[in-house]
Amino acid sequence: MSAALDSLLDLLDLEQIERDIFRGTSRSAVVPRVFGGQVAAQALVAAGRTVPADRAAHSLHSYFLRMGDPGAPIVYSVDRIRDGRSFTTRRVVAVQHGQPIFHLSASFQTYEEGLEHQAAMPPAPDPETLPTAAQMLPRYADRFSRPGVVDRLIEARAAVDLRYVDAPPFGSVGEPREPRSQVWFRTNGKLADDPLLHVCMATYVSDMTLLDSVLLAHGRGGWAVGDVVGASLDHAMWFHRPFRADEWLLYDQESPSASGGRGLGQARIHTQDGRLAITVIQEGVVRVPRH
């Protein structure tokens, strides 16, 4: 296991301070705020720790309410909304400086047999043939508005091996493309066999690139380039089938709409052998800076 992955696992291992109250810390991000995927994953960890082990997370719905302060702890308060025969529902509020910064509702279900069908996995190249972040990012150092961005991006992604199928938004600035993006990802090291850990790790990664397809449609490079400003507004995920976050997952993303200073991204995550594991939808603020 890499040191970066070990550090991320420590970040997700929340401190329990009361029966349904947990506390987490933050790590440095490319932008001076708490990374949305981190607070979403930590909130899901908090919810999952109040649920019987035989009930797996099958969906989450969340709202980012305020910018998180990376220098302050985050307190996660869990409400036990419902414990039914098959389903368990939890609500989590993340608080900093006395104010809620994030709200999550998550549902968990006992395993049962049922009808089966799924969308086919789209074509994609073998992830082993694609460059790593450390190999790819330095090529675009001249695209970023501030020095040191490449190093911070590489550091932020050191725990996860994330590989773009095509050039990322900052690789084709000024050239509008089809609003679709694919990346392969897996953790940089093996994880324990805890299903909640794999779901939380996928939640963490899911916020890294989902709005890329919005940027591609308009030839924008992104927050690190400085030609847009933005933040996640809400984030929803449905976990369809078991998967491992330490094995290759294809994140197939597209944007059906952008309007009113907001952009919508939707995606499917498939295992390497073609099983549909997760569906993701996110809306975010995407604004052109006013000079």
# chains A, B, ... in the order shown; residues from 1 in each chain; ligands from 1

call {"tool": "residues_around", "arguments": {"residues": "Pro127 of chain A", "least_positions_apart": "4", "cutoff": "10 Å", "atoms": "only C-alpha atoms", "output": "mmCIF file with N, CA, C and O atoms, in the first residue's frame"}}
result
data_model
loop_
_atom_site.group_PDB
_atom_site.id
_atom_site.type_symbol
_atom_site.label_atom_id
_atom_site.label_comp_id
_atom_site.auth_asym_id
_atom_site.auth_seq_id
_atom_site.Cartn_x
_atom_site.Cartn_y
_atom_site.Cartn_z
ATOM 1 N N PRO A 131 -1.384 6.765 -19.789
ATOM 2 C CA PRO A 131 -0.405 7.373 -18.884
ATOM 3 C C PRO A 131 -0.985 7.613 -17.495
ATOM 4 O O PRO A 131 -2.175 7.912 -17.346
ATOM 5 N N THR A 132 -0.146 7.513 -16.483
ATOM 6 C CA THR A 132 -0.536 7.853 -15.114
ATOM 7 C C THR A 132 -0.611 9.376 -14.979
ATOM 8 O O THR A 132 -0.148 10.124 -15.846
ATOM 9 N N ASP A 161 -4.868 5.820 -8.587
ATOM 10 C CA ASP A 161 -4.325 5.761 -9.952
ATOM 11 C C ASP A 161 -5.468 6.111 -10.898
ATOM 12 O O ASP A 161 -6.344 5.284 -11.165
ATOM 13 N N LEU A 162 -5.486 7.349 -11.391
ATOM 14 C CA LEU A 162 -6.571 7.850 -12.237
ATOM 15 C C LEU A 162 -5.988 8.193 -13.612
ATOM 16 O O LEU A 162 -5.077 9.017 -13.716
ATOM 17 N N ARG A 163 -6.508 7.547 -14.653
ATOM 18 C CA ARG A 163 -5.946 7.689 -15.992
ATOM 19 C C ARG A 163 -7.017 8.120 -16.992
ATOM 20 O O ARG A 163 -8.035 7.444 -17.159
ATOM 21 N N TYR A 164 -6.773 9.252 -17.651
ATOM 22 C CA TYR A 164 -7.690 9.765 -18.670
ATOM 23 C C TYR A 164 -7.569 8.965 -19.963
ATOM 24 O O TYR A 164 -6.461 8.670 -20.421
ATOM 25 N N VAL A 165 -8.704 8.650 -20.564
ATOM 26 C CA VAL A 165 -8.716 7.989 -21.864
ATOM 27 C C VAL A 165 -8.329 8.987 -22.962
ATOM 28 O O VAL A 165 -7.542 8.675 -23.858
ATOM 29 N N VAL A 183 -12.464 8.118 -17.660
ATOM 30 C CA VAL A 183 -11.236 7.846 -16.911
ATOM 31 C C VAL A 183 -11.352 6.452 -16.307
ATOM 32 O O VAL A 183 -12.447 5.973 -16.008
ATOM 33 N N TRP A 184 -10.202 5.813 -16.177
ATOM 34 C CA TRP A 184 -10.099 4.585 -15.389
ATOM 35 C C TRP A 184 -9.520 4.971 -14.034
ATOM 36 O O TRP A 184 -8.662 5.855 -13.944
ATOM 37 N N PHE A 185 -9.961 4.292 -12.976
ATOM 38 C CA PHE A 185 -9.350 4.555 -11.674
ATOM 39 C C PHE A 185 -9.355 3.300 -10.801
ATOM 40 O O PHE A 185 -10.181 2.403 -10.960
ATOM 41 N N TRP A 248 -9.585 -1.996 -11.326
ATOM 42 C CA TRP A 248 -9.903 -0.976 -12.318
ATOM 43 C C TRP A 248 -11.420 -0.793 -12.479
ATOM 44 O O TRP A 248 -12.168 -1.753 -12.625
ATOM 45 N N LEU A 249 -11.823 0.496 -12.468
ATOM 46 C CA LEU A 249 -13.207 0.890 -12.707
ATOM 47 C C LEU A 249 -13.230 1.954 -13.803
ATOM 48 O O LEU A 249 -12.424 2.893 -13.781
ATOM 49 N N LEU A 250 -14.134 1.797 -14.764
ATOM 50 C CA LEU A 250 -14.264 2.768 -15.855
ATOM 51 C C LEU A 250 -15.338 3.777 -15.488
ATOM 52 O O LEU A 250 -16.497 3.425 -15.274
ATOM 53 N N GLN A 272 -14.022 -3.701 -14.715
ATOM 54 C CA GLN A 272 -13.270 -4.001 -15.926
ATOM 55 C C GLN A 272 -13.883 -5.155 -16.712
ATOM 56 O O GLN A 272 -13.731 -5.241 -17.935
#

call {"tool": "residues_around", "arguments": {"residues": "segment 77-80 of chain A", "least_positions_apart": "2", "cutoff": "6 Å", "atoms": "only C-alpha atoms", "output": "PyMOL selection string"}}
result
chain A and resi 20-21+82+90-93

call {"tool": "closest_residue", "arguments": {"among": "A:Ala4, A:Arg27, A:Met208, A:Gln253", "to": "Ala159 of chain A", "atoms": "only C-alpha atoms"}}
result
A:Ala4

call {"tool": "select_by_dssp", "arguments": {"residues": "segment 104-200 of chain A", "states": "alpha helix (DSSP H)", "output": "number ranges by chain"}}
result
A: 133-136, 149-156, 195-200

call {"tool": "closest_residue", "arguments": {"among": "A:Asp83, A:Asp227, A:Asp69, A:Glu116", "to": "Val95 of chain A", "atoms": "only C-alpha atoms"}}
result
A:Asp69

call {"tool": "residues_around", "arguments": {"residues": "Ala53 of chain A", "least_positions_apart": "6", "cutoff": "12 Å", "atoms": "only C-alpha atoms", "output": "PyMOL selection string"}}
result
chain A and resi 47+88+108-111+194-197

call {"tool": "write_last_selection", "arguments": {"atoms": "C-alpha atoms", "output": "CSV table (one decimal), in the first residue's frame"}}
result
chain,number,residue,atom,x,y,z
A,47,ALA,CA,-23.7,6.8,8.3
A,88,THR,CA,-32.1,1.4,6.6
A,108,PHE,CA,-28.7,0.7,3.0
A,109,GLN,CA,-30.3,-2.7,2.1
A,110,THR,CA,-30.0,-6.3,3.0
A,111,TYR,CA,-29.0,-8.5,0.0
A,194,ASP,CA,-14.9,-4.2,3.9
A,195,PRO,CA,-17.7,-3.4,1.3
A,196,LEU,CA,-18.4,0.0,3.0
A,197,LEU,CA,-14.7,1.0,2.5

call {"tool": "residues_around", "arguments": {"residues": "Gly222 of chain A", "least_positions_apart": "4", "cutoff": "8 Å", "atoms": "only C-alpha atoms", "output": "MDAnalysis selection string"}}
result
chainID A and resid 169:170 212 215 226:229

call {"tool": "atom_distance", "arguments": {"atom1": "atom CA of Ile278 of chain A", "atom2": "atom CA of Arg244 of chain A"}}
result
11.6 Å

call {"tool": "select_by_dssp", "arguments": {"residues": "segment 161-251 of chain A", "states": "strand (DSSP E)", "output": "list in words"}}
result
Asp161, Leu162, Arg163, Tyr164, Arg180, Ser181, Gln182, Val183, Trp184, Phe185, Arg186, Thr187, Val229, Gly230, Ala231, Ser232, Leu233, Asp234, His235, Ala236, Met237, Trp238, Phe239, Leu249, Leu250 and Tyr251 of chain A

call {"tool": "closest_residue", "arguments": {"among": "A:Glu113, A:Asp151, A:Asp126, A:Glu283", "to": "Ser257 of chain A", "atoms": "only C-alpha atoms"}}
result
A:Glu283

call {"tool": "atom_distance", "arguments": {"atom1": "atom CA of Glu175 of chain A", "atom2": "atom CA of Pro147 of chain A"}}
result
23.5 Å

call {"tool": "closest_residue", "arguments": {"among": "A:Phe64, A:Phe87, A:Trp223, A:Phe22", "to": "Gln42 of chain A", "atoms": "only C-alpha atoms"}}
result
A:Phe22

call {"tool": "closest_residue", "arguments": {"among": "A:His240, A:His61, A:Arg19, A:Arg66", "to": "Arg33 of chain A", "atoms": "only C-alpha atoms"}}
result
A:Arg66

call {"tool": "residues_around", "arguments": {"residues": "Pro138 of chain A", "least_positions_apart": "3", "cutoff": "10 Å", "atoms": "only C-alpha atoms", "output": "PyMOL selection string"}}
result
chain A and resi 133-135+141-143+149-151+154

call {"tool": "write_last_selection", "arguments": {"atoms": "N, CA, C and O atoms", "output": "mmCIF file, in the first residue's frame"}}
result
data_model
loop_
_atom_site.group_PDB
_atom_site.id
_atom_site.type_symbol
_atom_site.label_atom_id
_atom_site.label_comp_id
_atom_site.auth_asym_id
_atom_site.auth_seq_id
_atom_site.Cartn_x
_atom_site.Cartn_y
_atom_site.Cartn_z
ATOM 1 N N ALA A 133 -1.154 9.845 -13.861
ATOM 2 C CA ALA A 133 -1.218 11.285 -13.614
ATOM 3 C C ALA A 133 0.178 11.892 -13.585
ATOM 4 O O ALA A 133 0.411 12.976 -14.125
ATOM 5 N N ALA A 134 1.113 11.191 -12.960
ATOM 6 C CA ALA A 134 2.480 11.714 -12.871
ATOM 7 C C ALA A 134 3.139 11.817 -14.242
ATOM 8 O O ALA A 134 3.997 12.681 -14.471
ATOM 9 N N GLN A 135 2.735 10.961 -15.179
ATOM 10 C CA GLN A 135 3.275 11.024 -16.533
ATOM 11 C C GLN A 135 2.554 12.061 -17.386
ATOM 12 O O GLN A 135 3.163 12.712 -18.233
ATOM 13 N N ALA A 141 1.783 21.746 -17.898
ATOM 14 C CA ALA A 141 2.164 22.706 -16.859
ATOM 15 C C ALA A 141 1.968 24.148 -17.303
ATOM 16 O O ALA A 141 1.621 25.022 -16.492
ATOM 17 N N ASP A 142 2.158 24.417 -18.606
ATOM 18 C CA ASP A 142 2.035 25.797 -19.089
ATOM 19 C C ASP A 142 0.581 26.258 -19.199
ATOM 20 O O ASP A 142 0.320 27.435 -19.445
ATOM 21 N N ARG A 143 -0.382 25.351 -18.996
ATOM 22 C CA ARG A 143 -1.798 25.724 -19.106
ATOM 23 C C ARG A 143 -2.352 26.293 -17.797
ATOM 24 O O ARG A 143 -3.421 26.908 -17.805
ATOM 25 N N VAL A 149 0.798 24.065 -9.533
ATOM 26 C CA VAL A 149 -0.472 23.350 -9.659
ATOM 27 C C VAL A 149 -0.243 21.885 -10.015
ATOM 28 O O VAL A 149 -0.916 21.001 -9.481
ATOM 29 N N VAL A 150 0.701 21.621 -10.904
ATOM 30 C CA VAL A 150 0.961 20.238 -11.307
ATOM 31 C C VAL A 150 1.349 19.398 -10.096
ATOM 32 O O VAL A 150 0.822 18.295 -9.889
ATOM 33 N N ASP A 151 2.242 19.923 -9.271
ATOM 34 C CA ASP A 151 2.668 19.169 -8.085
ATOM 35 C C ASP A 151 1.500 18.932 -7.142
ATOM 36 O O ASP A 151 1.366 17.843 -6.567
ATOM 37 N N ILE A 154 -0.807 16.216 -8.629
ATOM 38 C CA ILE A 154 -0.209 14.894 -8.482
ATOM 39 C C ILE A 154 -0.311 14.428 -7.037
ATOM 40 O O ILE A 154 -0.662 13.274 -6.753
#

call {"tool": "residues_around", "arguments": {"residues": "segment 262-266 of chain A", "least_positions_apart": "2", "cutoff": "9 Å", "atoms": "only C-alpha atoms", "output": "list in words"}}
result
Leu210, Leu211, Asp212, Ser213, Val214, Leu215, Gly230, Leu233, Asp252, Gln253, Glu254, Ser255, Pro256, Ser257, Ala258, Ser259, Gly260, Arg268, Thr279, Val280, Ile281, Gln282, Glu283, Gly284, Val285, Val286 and Arg287 of chain A

call {"tool": "closest_residue", "arguments": {"among": "A:Thr129, A:Gln118, A:Gln38, A:Ser107", "to": "His270 of chain A", "atoms": "only C-alpha atoms"}}
result
A:Gln118

call {"tool": "atom_distance", "arguments": {"atom1": "atom CA of Gly148 of chain A", "atom2": "atom CA of Asn188 of chain A"}}
result
22.7 Å
